[in-house]
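Colleague: Take a look at work.csv, CSV, C-alpha atoms:
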```csv
chain,number,residue,atom,x,y,z
T,1,MET,CA,0.0,0.0,0.0
T,2,ALA,CA,1.4,3.4,-1.0
T,3,ALA,CA,1.7,6.0,1.7
T,4,ASN,CA,0.5,9.6,1.2
T,5,ILE,CA,3.4,11.8,2.2
T,6,ALA,CA,3.2,15.6,2.2
T,7,ILE,CA,6.3,17.8,2.4
T,8,ASN,CA,5.3,21.3,3.4
T,9,ILE,CA,7.7,24.1,2.4
T,10,VAL,CA,7.4,26.9,4.9
T,11,GLY,CA,9.3,29.9,5.9
T,12,ASP,CA,8.5,33.2,7.4
T,13,ASP,CA,8.7,35.0,4.1
T,14,ILE,CA,6.5,32.5,2.1
T,15,GLU,CA,4.1,31.9,4.9
T,16,GLY,CA,3.5,35.6,5.5
T,17,ALA,CA,3.0,36.2,1.7
T,18,LEU,CA,0.5,33.4,1.6
T,19,ARG,CA,-1.4,34.6,4.6
T,20,LYS,CA,-1.7,38.1,3.0
T,21,MET,CA,-2.8,36.5,-0.3
T,22,ILE,CA,-5.5,34.4,1.4
T,23,GLY,CA,-6.9,37.6,2.9
T,24,GLN,CA,-6.9,39.5,-0.4
T,25,ALA,CA,-7.3,37.1,-3.2
T,26,THR,CA,-10.4,35.7,-4.8
T,27,ASN,CA,-9.4,33.5,-7.8
T,28,THR,CA,-6.2,31.8,-6.7
T,29,LEU,CA,-6.2,29.0,-9.3
T,30,PRO,CA,-3.9,30.7,-11.8
T,31,MET,CA,-1.4,31.5,-9.1
T,32,MET,CA,-1.6,27.9,-7.7
T,33,ARG,CA,-0.9,26.5,-11.1
T,34,ALA,CA,2.2,28.7,-11.4
T,35,LEU,CA,3.3,27.7,-8.0
T,36,SER,CA,2.9,24.0,-8.7
T,37,GLU,CA,4.9,24.3,-11.9
T,38,THR,CA,7.7,26.0,-9.8
T,39,LEU,CA,7.6,23.2,-7.3
T,40,LEU,CA,7.9,20.7,-10.2
T,41,ASP,CA,10.7,22.6,-11.7
T,42,SER,CA,12.6,22.6,-8.4
T,43,ILE,CA,12.3,18.8,-8.2
T,44,GLU,CA,13.5,18.4,-11.7
T,45,GLN,CA,16.4,20.6,-11.0
T,46,ALA,CA,17.3,18.6,-7.9
T,47,LEU,CA,17.2,15.4,-9.9
T,48,GLU,CA,19.5,17.0,-12.6
T,49,ASP,CA,21.9,18.5,-10.1
T,50,GLU,CA,21.7,15.4,-7.8
T,51,ALA,CA,21.6,17.7,-4.8
T,52,ASN,CA,19.3,18.7,-2.0
T,53,PRO,CA,17.5,21.7,-3.3
T,54,GLU,CA,17.3,23.5,0.0
T,55,ALA,CA,20.8,22.8,1.3
T,56,GLY,CA,22.5,22.7,-2.1
T,57,ALA,CA,24.5,19.7,-0.8
T,58,PRO,CA,25.3,16.9,-3.2
T,59,TRP,CA,23.5,13.6,-2.6
T,60,PRO,CA,25.5,10.7,-1.2
T,61,THR,CA,27.1,8.6,-3.9
T,62,LEU,CA,25.8,5.2,-4.9
T,63,ALA,CA,27.0,2.2,-3.1
T,64,GLN,CA,30.0,0.6,-4.9
T,65,SER,CA,27.9,-2.6,-5.4
T,66,THR,CA,25.2,-0.5,-7.2
T,67,ILE,CA,27.8,1.2,-9.4
T,68,LEU,CA,29.3,-2.2,-10.4
T,69,GLN,CA,25.9,-3.6,-11.1
T,70,ARG,CA,24.9,-0.6,-13.3
T,71,THR,CA,28.2,-0.6,-15.0
T,72,ALA,CA,27.7,-4.3,-16.0
T,73,GLN,CA,24.3,-3.4,-17.3
T,74,GLY,CA,25.7,-0.5,-19.3
T,75,LYS,CA,23.7,2.0,-17.2
T,76,TRP,CA,26.7,3.7,-15.5
T,77,PRO,CA,27.9,6.4,-15.4
T,78,GLY,CA,24.5,8.1,-15.3
T,79,LYS,CA,22.1,9.9,-13.0
T,80,MET,CA,21.4,8.2,-9.7
T,81,LEU,CA,17.6,8.5,-9.7
T,82,GLN,CA,17.0,8.6,-13.4
T,83,LEU,CA,17.6,5.0,-14.4
T,84,SER,CA,14.7,4.3,-16.7
T,85,GLN,CA,12.2,6.2,-18.8
T,86,GLY,CA,9.3,5.0,-16.8
T,87,GLY,CA,11.0,5.4,-13.4
T,88,LEU,CA,11.1,7.9,-10.6
T,89,ALA,CA,12.3,10.9,-12.5
T,90,SER,CA,9.6,10.7,-15.1
T,91,SER,CA,6.9,10.1,-12.6
T,92,PHE,CA,6.7,13.6,-11.1
T,93,SER,CA,3.8,15.8,-12.0
T,94,ALA,CA,2.2,19.0,-10.8
T,95,SER,CA,-1.3,19.7,-9.7
T,96,ALA,CA,-3.2,22.7,-8.4
T,97,GLY,CA,-6.6,23.8,-7.3
T,98,PRO,CA,-8.1,26.9,-5.7
T,99,GLY,CA,-6.4,26.2,-2.4
T,100,TYR,CA,-3.4,24.1,-3.1
T,101,ALA,CA,-0.3,23.7,-5.3
T,102,ARG,CA,1.6,20.4,-5.2
T,103,ALA,CA,4.2,18.4,-7.1
T,104,GLY,CA,5.0,14.8,-6.4
T,105,SER,CA,5.3,11.3,-7.6
T,106,ASN,CA,2.9,8.3,-7.7
T,107,LYS,CA,5.8,5.8,-7.3
T,108,PRO,CA,5.6,4.0,-4.0
T,109,TYR,CA,9.4,4.1,-3.6
T,110,ALA,CA,9.6,7.9,-4.1
T,111,ALA,CA,9.6,8.5,-0.3
T,112,ILE,CA,12.5,6.1,0.5
T,113,HIS,CA,14.7,7.9,-2.0
T,114,HIS,CA,13.8,11.3,-0.5
T,115,PHE,CA,13.9,10.4,3.2
T,116,GLY,CA,16.2,7.4,3.2
T,117,GLY,CA,15.7,4.3,5.2
T,118,GLN,CA,15.7,0.5,5.2
T,119,ALA,CA,14.5,-1.3,2.1
T,120,GLY,CA,14.7,-4.6,0.3
T,121,ARG,CA,14.3,-8.1,1.6
T,122,ASN,CA,14.2,-8.1,5.4
T,123,ARG,CA,15.0,-4.4,5.2
T,124,ALA,CA,18.6,-5.3,4.8
T,125,VAL,CA,19.5,-2.4,2.4
T,126,THR,CA,20.1,1.1,3.7
T,127,ILE,CA,19.1,3.7,1.2
T,128,PRO,CA,20.7,7.1,2.1
T,129,ALA,CA,18.4,10.2,1.9
T,130,ARG,CA,18.6,12.0,-1.4
T,131,PRO,CA,16.2,14.8,-0.9
T,132,TYR,CA,14.7,16.1,-4.1
T,133,ALA,CA,11.6,18.0,-2.8
T,134,GLY,CA,12.2,21.5,-1.6
T,135,LEU,CA,13.0,24.9,-3.0
T,136,THR,CA,16.3,26.2,-4.1
T,137,SER,CA,16.9,29.9,-3.2
T,138,GLN,CA,16.0,30.7,-6.8
T,139,HIS,CA,12.8,28.8,-6.7
T,140,ARG,CA,11.9,30.3,-3.3
T,141,GLN,CA,12.3,33.7,-4.9
T,142,GLU,CA,10.1,32.6,-7.8
T,143,VAL,CA,7.4,31.5,-5.4
T,144,LEU,CA,7.5,34.9,-3.7
T,145,ASP,CA,7.4,36.7,-7.1
T,146,ILE,CA,4.4,34.6,-8.2
T,147,ILE,CA,2.5,35.5,-5.1
T,148,GLN,CA,3.4,39.2,-5.4
T,149,ARG,CA,2.3,39.3,-9.0
T,150,HIS,CA,-1.0,37.7,-8.1
T,151,LEU,CA,-1.5,40.2,-5.2
T,152,THR,CA,-0.8,43.2,-7.4
T,153,GLY,CA,-2.8,42.0,-10.3
```
Transcribe the structure of this file into structure tokens.
Modeller:
Amino acid sequence: MAANIAINIVGDDIEGALRKMIGQATNTLPMMRALSETLLDSIEQALEDEANPEAGAPWPTLAQSTILQRTAQGKWPGKMLQLSQGGLASSFSASAGPGYARAGSNKPYAAIHHFGGQAGRNRAVTIPARPYAGLTSQHRQEVLDIIQRHLTG
């Protein structure tokens, strides 16, 4: 069974702007669509950079056994979480409604790659966290700009 996991991006600057917007705005759907696309863009950038979008820190490298296995399959060197066309990287999508903006994946293993943890048979494999959901400073500014544009018409 897949878990429903939400990652909330908050900060005094964004939270304050959103509170102001909620008090003043009427039709938030266009803004929420733009925000969801910014969230999706931030995820895609994290996957490309192979780095935590909020910290800018590179992800932990793959285990040597994984590198050897992928090399034997002709899939290394390559991107860590972009192994197949139907895999995790291609599963992300954005959605929006009058009161929400979100981006995420429908893959049940998306969370283990973001948060890290034990996986595999008898939970014998440790997957290090490779956070991809979050906002870079550039995307954080884009979110603020989108909110500001919406508030000022």
Colleague: For atom CA of Gly104 of chain T and atom CA of Phe92 of chain T, quote the distance in Å rounded to one decimal.
Modeller: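 These two atoms are separated by 5.1 Å.
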Colleague: Have a look at T:Ile43, T:Ala51, T:Leu62, T:Ile67 and name the one nearest to Ser93 of chain T; count all atoms listed in the file.
Modeller: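 Closest residue, counting all atoms listed in the file: T:Ile43.
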Colleague: Between T:Ile112, T:Ala124, T:Ile147, T:Ala89, which one has atoms that come closest to Asp41 of chain T, using all atoms listed in the file?
Modeller: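 Comparing T:Ile112, T:Ala124, T:Ile147, T:Ala89 against Asp41 of chain T, the winner is T:Ala89.
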Colleague: Point out the residue among T:Gly116, T:Lys107, T:Gln141, T:Ile127 with the least atom-to-atom distance to Thr66 of chain T, counting all atoms listed in the file.
Modeller: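 Going through T:Gly116, T:Lys107, T:Gln141, T:Ile127 one by one, the smallest distance to Thr66 of chain T is for T:Ile127.
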Colleague: Given the choices T:Leu144, T:Met31, T:Leu151, T:Leu88, which gets closest to Asp12 of chain T if the distance is worked out from all atoms listed in the file?
Modeller: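 For Asp12 of chain T, the nearest of the given residues is T:Leu144.
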Colleague: Leaving out Pro53 of chain T and any residue of its chain fewer than 5 positions from it, which residues lie within 12 Å of it when counting all atoms listed in the file, given as a ChimeraX atom specification?
Modeller: /T:9,39-48,58-59,114,130-140
Colleague: Please, what distance in Å, to one decimal, runs between atom CA of Gly97 of chain T and atom CA of Gln82 of chain T?
Modeller: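 Pair atom CA of Gly97 of chain T / atom CA of Gln82 of chain T returns 28.7 Å.
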Colleague: Let me make sure I understand: among T:Met32, T:Ile146, T:Tyr100, T:Lys79, which one has the smallest atom-to-atom distance to Asp49 of chain T if we use only C-alpha atoms?
Modeller: T:Lys79
Colleague: Go ahead and compute the interatomic distance for atom CA of Ser90 of chain T and atom CA of Gly74 of chain T, in Å to one decimal.
Modeller: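 Pair atom CA of Ser90 of chain T / atom CA of Gly74 of chain T returns 20.1 Å.
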Colleague: Return the single residue from T:Arg19, T:His113, T:Arg33, T:His150 that is closest to Leu81 of chain T, with distances computed using all atoms listed in the file.
Modeller: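 Using all atoms listed in the file, Leu81 of chain T sits closest to T:His113.
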